[in-house]
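> So that you have it, the file is entry.cif, and it contains mmCIF, N, CA and C atoms and all ligand atoms:
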data_my_file
loop_
_atom_site.label_atom_id
_atom_site.label_comp_id
_atom_site.auth_asym_id
_atom_site.auth_seq_id
_atom_site.Cartn_x
_atom_site.Cartn_y
_atom_site.Cartn_z
N MET A 804 118.42 130.28 44.07
CA MET A 804 118.16 130.25 45.50
C MET A 804 118.76 129.02 46.15
N LEU A 805 118.70 127.88 45.44
CA LEU A 805 119.24 126.67 46.04
C LEU A 805 120.72 126.80 46.33
N GLY A 806 121.43 127.59 45.52
CA GLY A 806 122.84 127.77 45.76
C GLY A 806 123.13 128.46 47.08
N ALA A 807 122.16 129.21 47.59
CA ALA A 807 122.34 129.90 48.86
C ALA A 807 122.13 128.97 50.04
N LEU A 808 121.51 127.83 49.78
CA LEU A 808 121.26 126.89 50.88
C LEU A 808 122.51 126.09 51.16
N ALA A 809 122.79 125.89 52.40
CA ALA A 809 123.99 125.14 52.77
C ALA A 809 123.65 124.16 53.88
N ALA A 810 124.24 123.01 53.83
CA ALA A 810 124.07 122.05 54.92
C ALA A 810 124.74 122.62 56.16
N VAL A 811 124.11 122.47 57.30
CA VAL A 811 124.66 123.04 58.52
C VAL A 811 124.72 121.99 59.64
N THR A 812 124.98 120.77 59.28
CA THR A 812 125.02 119.73 60.30
C THR A 812 126.27 118.88 60.17
N ARG A 813 126.51 118.16 61.19
CA ARG A 813 127.47 117.08 61.14
C ARG A 813 126.95 116.00 62.08
N VAL A 814 127.38 114.77 61.85
CA VAL A 814 126.96 113.68 62.73
C VAL A 814 127.62 113.86 64.08
N LEU A 815 126.85 113.61 65.12
CA LEU A 815 127.36 113.78 66.47
C LEU A 815 128.19 112.58 66.90
N PRO A 816 129.45 112.76 67.22
CA PRO A 816 130.11 111.68 67.92
C PRO A 816 129.48 111.56 69.31
N VAL A 817 129.39 110.38 69.83
CA VAL A 817 128.69 110.18 71.11
C VAL A 817 129.23 111.12 72.18
N ALA A 818 130.53 111.30 72.26
CA ALA A 818 131.11 112.13 73.31
C ALA A 818 130.71 113.59 73.18
N ALA A 819 130.29 114.01 71.99
CA ALA A 819 129.94 115.42 71.78
C ALA A 819 128.48 115.70 72.02
N GLN A 820 127.69 114.69 72.24
CA GLN A 820 126.27 114.92 72.48
C GLN A 820 126.11 115.65 73.79
N SER A 821 125.18 116.58 73.82
CA SER A 821 125.10 117.45 74.99
C SER A 821 124.21 116.87 76.08
N VAL A 822 123.13 117.53 76.41
CA VAL A 822 122.40 117.23 77.63
C VAL A 822 121.91 115.79 77.71
N VAL A 823 121.26 115.33 76.69
CA VAL A 823 120.72 113.98 76.70
C VAL A 823 121.52 113.14 75.72
N MET A 824 121.99 112.00 76.16
CA MET A 824 122.84 111.18 75.32
C MET A 824 122.02 110.02 74.77
N ILE A 825 122.01 109.87 73.46
CA ILE A 825 121.29 108.75 72.90
C ILE A 825 122.09 107.46 73.06
N GLY A 826 123.28 107.56 73.61
CA GLY A 826 124.05 106.36 73.92
C GLY A 826 123.85 105.92 75.36
N GLY A 827 122.84 106.44 76.05
CA GLY A 827 122.60 106.14 77.46
C GLY A 827 122.02 104.75 77.68
N PRO A 828 121.63 104.47 78.93
CA PRO A 828 121.21 103.11 79.29
C PRO A 828 119.92 102.63 78.62
N MET A 829 119.11 103.53 78.10
CA MET A 829 117.87 103.09 77.43
C MET A 829 118.11 102.71 75.97
N ALA A 830 119.28 103.09 75.44
CA ALA A 830 119.61 102.71 74.06
C ALA A 830 119.77 101.20 73.99
N GLY A 831 119.15 100.60 72.99
CA GLY A 831 119.23 99.15 72.82
C GLY A 831 118.10 98.40 73.49
N SER A 832 117.24 99.14 74.23
CA SER A 832 116.09 98.49 74.87
C SER A 832 114.82 99.32 74.66
N VAL A 833 114.80 100.54 75.20
CA VAL A 833 113.63 101.42 75.02
C VAL A 833 113.60 101.99 73.60
N PHE A 834 114.78 102.34 73.11
CA PHE A 834 114.91 102.79 71.72
C PHE A 834 116.21 102.25 71.17
N PHE A 835 116.38 102.41 69.85
CA PHE A 835 117.53 101.81 69.18
C PHE A 835 118.28 102.86 68.38
N THR A 836 119.59 102.68 68.30
CA THR A 836 120.46 103.60 67.59
C THR A 836 121.43 102.80 66.73
N ARG A 837 122.20 103.52 65.93
CA ARG A 837 123.22 102.85 65.12
C ARG A 837 124.16 102.03 66.00
N ASP A 838 124.58 102.60 67.13
CA ASP A 838 125.53 101.91 67.99
C ASP A 838 124.88 100.91 68.94
N ASP A 839 123.59 101.07 69.19
CA ASP A 839 122.87 100.17 70.11
C ASP A 839 121.57 99.69 69.47
N PRO A 840 121.66 98.80 68.47
CA PRO A 840 120.45 98.32 67.80
C PRO A 840 119.73 97.21 68.55
N GLY A 841 120.26 96.78 69.70
CA GLY A 841 119.60 95.77 70.50
C GLY A 841 119.28 94.52 69.70
N LEU A 842 118.05 94.04 69.86
CA LEU A 842 117.66 92.80 69.17
C LEU A 842 117.44 93.00 67.69
N TRP A 843 117.52 94.26 67.22
CA TRP A 843 117.27 94.54 65.80
C TRP A 843 118.55 94.87 65.06
N ALA A 844 119.65 94.23 65.38
CA ALA A 844 120.93 94.55 64.74
C ALA A 844 120.88 94.39 63.23
N SER A 845 120.07 93.48 62.74
CA SER A 845 119.99 93.27 61.28
C SER A 845 119.07 94.29 60.61
N GLU A 846 118.46 95.19 61.38
CA GLU A 846 117.46 96.11 60.84
C GLU A 846 117.94 97.57 60.78
N ILE A 847 119.22 97.81 61.08
CA ILE A 847 119.71 99.19 61.14
C ILE A 847 119.46 99.93 59.83
N ASP A 848 119.84 99.32 58.72
CA ASP A 848 119.79 100.05 57.44
C ASP A 848 118.39 100.50 57.05
N ARG A 849 117.38 99.74 57.43
CA ARG A 849 116.00 100.11 57.04
C ARG A 849 115.31 101.03 58.05
N HIS A 850 115.88 101.13 59.26
CA HIS A 850 115.15 101.82 60.33
C HIS A 850 115.80 103.07 60.89
N LEU A 851 117.11 103.19 60.76
CA LEU A 851 117.77 104.38 61.29
C LEU A 851 117.38 105.59 60.45
N PRO A 852 116.79 106.63 61.06
CA PRO A 852 116.38 107.78 60.26
C PRO A 852 117.59 108.53 59.70
N GLU A 853 117.43 109.00 58.47
CA GLU A 853 118.45 109.82 57.82
C GLU A 853 118.04 111.28 57.95
N ILE A 854 118.99 112.12 58.29
CA ILE A 854 118.69 113.53 58.55
C ILE A 854 119.49 114.39 57.59
N LYS A 855 118.81 115.33 56.96
CA LYS A 855 119.50 116.34 56.16
C LYS A 855 118.99 117.70 56.60
N THR A 856 119.88 118.66 56.61
CA THR A 856 119.48 120.01 57.01
C THR A 856 119.94 121.01 55.97
N GLU A 857 119.20 122.10 55.91
CA GLU A 857 119.56 123.20 55.02
C GLU A 857 119.23 124.50 55.72
N ALA A 858 120.06 125.49 55.51
CA ALA A 858 119.73 126.82 55.98
C ALA A 858 118.51 127.28 55.21
N ALA A 859 117.58 127.91 55.91
CA ALA A 859 116.34 128.37 55.29
C ALA A 859 116.19 129.87 55.57
N PRO A 860 115.29 130.50 54.86
CA PRO A 860 115.11 131.95 55.06
C PRO A 860 114.76 132.30 56.50
N GLY A 861 115.18 133.48 56.94
CA GLY A 861 114.83 133.95 58.27
C GLY A 861 115.67 133.33 59.38
N SER A 862 116.90 132.97 59.09
CA SER A 862 117.80 132.36 60.09
C SER A 862 117.24 131.08 60.66
N THR A 863 116.41 130.39 59.89
CA THR A 863 115.90 129.10 60.34
C THR A 863 116.65 127.99 59.64
N THR A 864 116.44 126.78 60.11
CA THR A 864 117.04 125.61 59.50
C THR A 864 115.93 124.62 59.20
N SER A 865 115.95 124.10 57.99
CA SER A 865 115.00 123.08 57.58
C SER A 865 115.63 121.71 57.84
N VAL A 866 114.90 120.82 58.48
CA VAL A 866 115.38 119.48 58.79
C VAL A 866 114.49 118.47 58.07
N SER A 867 115.10 117.67 57.22
CA SER A 867 114.36 116.61 56.54
C SER A 867 114.74 115.27 57.14
N ILE A 868 113.74 114.46 57.39
CA ILE A 868 113.96 113.12 57.95
C ILE A 868 113.40 112.11 56.94
N ARG A 869 114.22 111.09 56.64
CA ARG A 869 113.79 110.02 55.75
C ARG A 869 114.15 108.69 56.38
N THR A 870 113.23 107.77 56.37
CA THR A 870 113.54 106.41 56.82
C THR A 870 113.51 105.52 55.58
N PRO A 871 114.62 104.83 55.28
CA PRO A 871 114.67 104.00 54.07
C PRO A 871 113.96 102.67 54.27
N HIS A 872 112.68 102.74 54.55
CA HIS A 872 111.88 101.58 54.95
C HIS A 872 110.68 101.47 54.01
N PRO A 873 110.36 100.27 53.55
CA PRO A 873 109.17 100.14 52.69
C PRO A 873 107.90 100.39 53.49
N MET A 874 106.87 100.83 52.76
CA MET A 874 105.56 101.01 53.37
C MET A 874 104.66 99.90 52.82
N ASP A 875 104.52 98.83 53.58
CA ASP A 875 103.77 97.65 53.15
C ASP A 875 102.38 97.69 53.77
N GLY A 876 101.64 98.71 53.40
CA GLY A 876 100.31 98.87 53.97
C GLY A 876 100.38 98.91 55.49
N PHE A 877 99.31 98.49 56.13
CA PHE A 877 99.29 98.49 57.59
C PHE A 877 99.96 97.26 58.19
N LYS A 878 100.51 96.38 57.35
CA LYS A 878 101.20 95.19 57.86
C LYS A 878 102.56 95.56 58.44
N HIS A 879 103.28 96.46 57.77
CA HIS A 879 104.64 96.80 58.19
C HIS A 879 104.97 98.17 57.63
N TYR A 880 105.13 99.14 58.51
CA TYR A 880 105.30 100.51 58.02
C TYR A 880 105.88 101.42 59.10
N ILE A 881 106.28 102.60 58.67
CA ILE A 881 106.75 103.63 59.61
C ILE A 881 105.53 104.44 60.05
N LEU A 882 105.31 104.43 61.35
CA LEU A 882 104.13 105.10 61.92
C LEU A 882 104.30 106.61 61.96
N LYS A 883 105.52 107.04 62.35
CA LYS A 883 105.65 108.45 62.71
C LYS A 883 107.11 108.87 62.72
N HIS A 884 107.34 110.13 62.44
CA HIS A 884 108.63 110.81 62.70
C HIS A 884 108.41 111.88 63.76
N LYS A 885 109.42 112.03 64.62
CA LYS A 885 109.43 113.13 65.58
C LYS A 885 110.78 113.82 65.49
N LEU A 886 110.77 115.12 65.73
CA LEU A 886 112.01 115.88 65.84
C LEU A 886 112.08 116.44 67.25
N LEU A 887 113.19 116.14 67.96
CA LEU A 887 113.35 116.53 69.36
C LEU A 887 114.52 117.48 69.49
N ASP A 888 114.46 118.35 70.50
CA ASP A 888 115.58 119.27 70.74
C ASP A 888 116.61 118.64 71.68
N ALA A 889 117.55 119.43 72.14
CA ALA A 889 118.66 118.93 72.94
C ALA A 889 118.21 118.26 74.24
N ARG A 890 117.05 118.65 74.76
CA ARG A 890 116.53 118.04 75.98
C ARG A 890 115.43 117.02 75.72
N PHE A 891 115.35 116.57 74.48
CA PHE A 891 114.34 115.59 74.05
C PHE A 891 112.93 116.15 74.13
N ARG A 892 112.78 117.43 74.03
CA ARG A 892 111.45 118.02 73.94
C ARG A 892 110.99 117.96 72.49
N LEU A 893 109.70 117.70 72.29
CA LEU A 893 109.16 117.57 70.95
C LEU A 893 109.11 118.92 70.24
N LEU A 894 109.74 118.98 69.08
CA LEU A 894 109.68 120.18 68.25
C LEU A 894 108.57 120.07 67.21
N SER A 895 108.49 118.93 66.56
CA SER A 895 107.41 118.69 65.60
C SER A 895 107.35 117.21 65.30
N GLN A 896 106.26 116.81 64.66
CA GLN A 896 106.10 115.41 64.33
C GLN A 896 105.19 115.26 63.12
N LYS A 897 105.28 114.08 62.49
CA LYS A 897 104.40 113.77 61.37
C LYS A 897 104.00 112.31 61.48
N THR A 898 102.70 112.05 61.38
CA THR A 898 102.16 110.69 61.39
C THR A 898 101.88 110.27 59.95
N PHE A 899 102.20 109.02 59.63
CA PHE A 899 102.06 108.55 58.26
C PHE A 899 100.87 107.60 58.09
N ASN A 900 100.28 107.71 56.94
CA ASN A 900 99.28 106.73 56.50
C ASN A 900 100.00 105.84 55.48
N PRO A 901 100.22 104.57 55.80
CA PRO A 901 101.04 103.72 54.91
C PRO A 901 100.38 103.44 53.57
N GLU A 902 99.12 103.77 53.42
CA GLU A 902 98.46 103.54 52.14
C GLU A 902 98.66 104.70 51.17
N ARG A 903 99.20 105.82 51.66
CA ARG A 903 99.42 106.94 50.74
C ARG A 903 100.71 107.70 50.98
N ASP A 904 101.39 107.51 52.11
CA ASP A 904 102.58 108.29 52.44
C ASP A 904 103.86 107.48 52.30
N GLN A 905 104.95 108.21 52.09
CA GLN A 905 106.30 107.65 52.22
C GLN A 905 106.89 108.19 53.53
N PRO A 906 107.85 107.46 54.13
CA PRO A 906 108.38 107.89 55.43
C PRO A 906 109.38 109.03 55.31
N PHE A 907 108.86 110.17 54.94
CA PHE A 907 109.65 111.38 54.78
C PHE A 907 108.91 112.53 55.44
N SER A 908 109.66 113.36 56.15
CA SER A 908 109.03 114.54 56.78
C SER A 908 110.00 115.70 56.75
N ARG A 909 109.44 116.88 56.74
CA ARG A 909 110.26 118.10 56.74
C ARG A 909 109.81 118.97 57.90
N HIS A 910 110.78 119.53 58.59
CA HIS A 910 110.52 120.32 59.79
C HIS A 910 111.33 121.61 59.71
N VAL A 911 110.88 122.63 60.38
CA VAL A 911 111.62 123.90 60.43
C VAL A 911 111.93 124.21 61.89
N LEU A 912 113.21 124.41 62.18
CA LEU A 912 113.63 124.73 63.55
C LEU A 912 113.32 126.18 63.88
N PRO A 913 113.18 126.49 65.16
CA PRO A 913 113.02 127.89 65.56
C PRO A 913 114.21 128.71 65.06
N ALA A 914 113.96 129.95 64.72
CA ALA A 914 115.02 130.82 64.21
C ALA A 914 116.19 130.86 65.18
N GLY A 915 117.38 130.70 64.66
CA GLY A 915 118.59 130.79 65.46
C GLY A 915 118.93 129.54 66.27
N TYR A 916 118.16 128.47 66.11
CA TYR A 916 118.42 127.26 66.90
C TYR A 916 119.82 126.74 66.62
N ARG A 917 120.55 126.45 67.69
CA ARG A 917 121.87 125.84 67.59
C ARG A 917 121.95 124.73 68.63
N GLY A 918 122.64 123.66 68.29
CA GLY A 918 122.78 122.54 69.20
C GLY A 918 122.26 121.27 68.56
N PRO A 919 122.20 120.20 69.34
CA PRO A 919 121.77 118.93 68.76
C PRO A 919 120.26 118.88 68.55
N VAL A 920 119.86 118.14 67.54
CA VAL A 920 118.47 117.73 67.36
C VAL A 920 118.47 116.22 67.11
N TYR A 921 117.35 115.61 67.45
CA TYR A 921 117.25 114.16 67.32
C TYR A 921 116.03 113.82 66.48
N ALA A 922 116.24 112.93 65.51
CA ALA A 922 115.14 112.42 64.69
C ALA A 922 114.73 111.06 65.25
N VAL A 923 113.42 110.88 65.41
CA VAL A 923 112.86 109.63 65.90
C VAL A 923 112.01 109.04 64.78
N SER A 924 112.20 107.76 64.51
CA SER A 924 111.40 107.06 63.51
C SER A 924 110.85 105.80 64.17
N ILE A 925 109.53 105.59 64.03
CA ILE A 925 108.88 104.49 64.73
C ILE A 925 108.28 103.52 63.71
N CYS A 926 108.70 102.26 63.79
CA CYS A 926 108.18 101.19 62.94
C CYS A 926 107.17 100.37 63.75
N ASN A 927 106.11 99.90 63.10
CA ASN A 927 105.11 99.14 63.84
C ASN A 927 105.62 97.77 64.27
N LEU A 928 106.67 97.25 63.62
CA LEU A 928 107.21 95.95 64.01
C LEU A 928 108.58 96.04 64.68
N HIS A 929 109.35 97.08 64.38
CA HIS A 929 110.74 97.14 64.84
C HIS A 929 111.03 98.35 65.72
N ASP A 930 109.99 98.92 66.30
CA ASP A 930 110.13 99.87 67.40
C ASP A 930 110.72 101.23 67.00
N THR A 931 111.34 101.87 67.98
CA THR A 931 111.71 103.29 67.90
C THR A 931 113.21 103.44 67.69
N TRP A 932 113.57 104.24 66.68
CA TRP A 932 114.97 104.45 66.31
C TRP A 932 115.31 105.93 66.37
N ILE A 933 116.53 106.24 66.83
CA ILE A 933 116.91 107.63 67.00
C ILE A 933 118.30 107.89 66.40
N GLU A 934 118.40 109.03 65.73
CA GLU A 934 119.68 109.52 65.22
C GLU A 934 119.77 111.01 65.56
N GLY A 935 120.97 111.51 65.78
CA GLY A 935 121.14 112.91 66.11
C GLY A 935 122.11 113.61 65.19
N VAL A 936 121.92 114.91 65.04
CA VAL A 936 122.88 115.76 64.32
C VAL A 936 123.04 117.06 65.11
N MET A 937 124.15 117.71 64.88
CA MET A 937 124.43 118.99 65.52
C MET A 937 124.13 120.11 64.53
N ILE A 938 123.32 121.07 64.95
CA ILE A 938 123.06 122.25 64.14
C ILE A 938 124.07 123.30 64.55
N GLU A 939 124.91 123.69 63.60
CA GLU A 939 125.99 124.62 63.89
C GLU A 939 125.78 125.92 63.12
N GLY A 940 126.18 127.01 63.74
CA GLY A 940 125.98 128.30 63.10
C GLY A 940 126.77 128.46 61.84
N ASP A 941 127.99 128.01 61.83
CA ASP A 941 128.83 128.24 60.65
C ASP A 941 129.28 126.93 60.00
N GLY A 942 128.71 125.82 60.48
CA GLY A 942 129.13 124.55 59.91
C GLY A 942 128.60 124.36 58.51
N LEU A 943 129.39 123.86 57.63
CA LEU A 943 128.98 123.69 56.25
C LEU A 943 129.17 122.26 55.80
N SER A 944 129.50 121.39 56.70
CA SER A 944 129.75 120.01 56.31
C SER A 944 128.43 119.25 56.25
N PRO A 945 128.29 118.36 55.28
CA PRO A 945 127.06 117.59 55.18
C PRO A 945 126.91 116.62 56.35
N ALA A 946 125.67 116.20 56.61
CA ALA A 946 125.40 115.29 57.72
C ALA A 946 126.07 113.95 57.50
N ARG A 947 126.20 113.54 56.23
CA ARG A 947 126.83 112.25 55.93
C ARG A 947 127.84 112.44 54.83
FE FE A 1001 110.28 97.71 60.22
#
Please express what this file holds, its structure, as structure tokens.
Ligand SMILES: [Fe+2]

Amino acid sequence: MLGALAAVTRVLPVAAQSVVMIGGPMAGSVFFTRDDPGLWASEIDRHLPEIKTEAAPGSTTSVSIRTPHPMDGFKHYILKHKLLDARFRLLSQKTFNPERDQPFSRHVLPAGYRGPVYAVSICNLHDTWIEGVMIEGDGLSPAR
């Protein structure tokens, strides 16, 4: 069955992002991205969410979000992941307990969803980070 699963994303170049651009004026202040890490330039590697997608049964797509960030109890941890659609509407979210969870979440898109999705990862000390990928109908290239 795993052989039937295929990655269906690619990283969005900024110019290809559709309705809402994560490279807009709030990047680097309200939230942070790879290109606009603001005051947290040294924190990109631990805070930028990693996104992987796989085709799932029923014409759906499974989206996994991982933040490569340690969970140091309630002192320093990832609070939450959110998955947003092309208009930044919330599709799903997961809240973490740093005493038992790792910053990983899995989400399932509505059947037939195509277009950009955005992963949001929130750190209690280093704020909100966003990464986007494009969900393509016939794309087979990995996200990274
Ligand atoms: Fe952090």
> Residues near Val923 of chain A, anyone? I mean within 7 Å using all atoms listed in the file, not counting same-chain ones fewer than 4 positions away, as number ranges by chain.
A: 852, 883-887, 931-934
> Taking only C-alpha atoms and all ligand atoms into account, list the residues no farther than 7 Å from ligand FE 1001 (chain A), as a count of residues only.
10
> What gap, in Å, lies between atom CA of Gly918 of chain A and atom CA of Met937 of chain A?
5.4 Å
> Using backbone DSSP assignments, extract all alpha helix (DSSP H) residues from segment 812-938 of chain A; output them as a PyMOL selection string.
chain A and resi 847-850
> Which one of A:Tyr921, A:Phe891, A:Trp843, A:Tyr916 sits closest to Lys855 of chain A if you count only C-alpha atoms?
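Checking each candidate against Lys855 of chain A, we get A:Tyr921 as the closest.
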> Measuring atom to atom with only C-alpha atoms, identify which of A:Asn900, A:Ser908, A:Thr870, A:Ser895 is nearest to Val920 of chain A.
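Of all the options, A:Ser895 lies closest to Val920 of chain A.
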> What separation in Å, quoted to one decimal, exists between atom CA of Thr864 of chain A and atom CA of Ala922 of chain A?
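About the pair atom CA of Thr864 of chain A and atom CA of Ala922 of chain A: they are 14.3 Å apart.
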> Could you pull the residues within 10 Å of Ala830 of chain A, counting only C-alpha atoms, minus those fewer than 6 positions along the same chain, as a list in words?
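Within the cut-off, the hits are Met824, Thr836, Arg837, Asp838, Asp839, Pro840, Gly841, Trp932 and Ile933 of chain A.
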> In Å, rounded to a single decimal, give me how far atom C of Arg903 of chain A is from atom CA of Ser865 of chain A.
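Between atom CA of Ser865 of chain A and atom C of Arg903 of chain A the gap works out to 22.0 Å.
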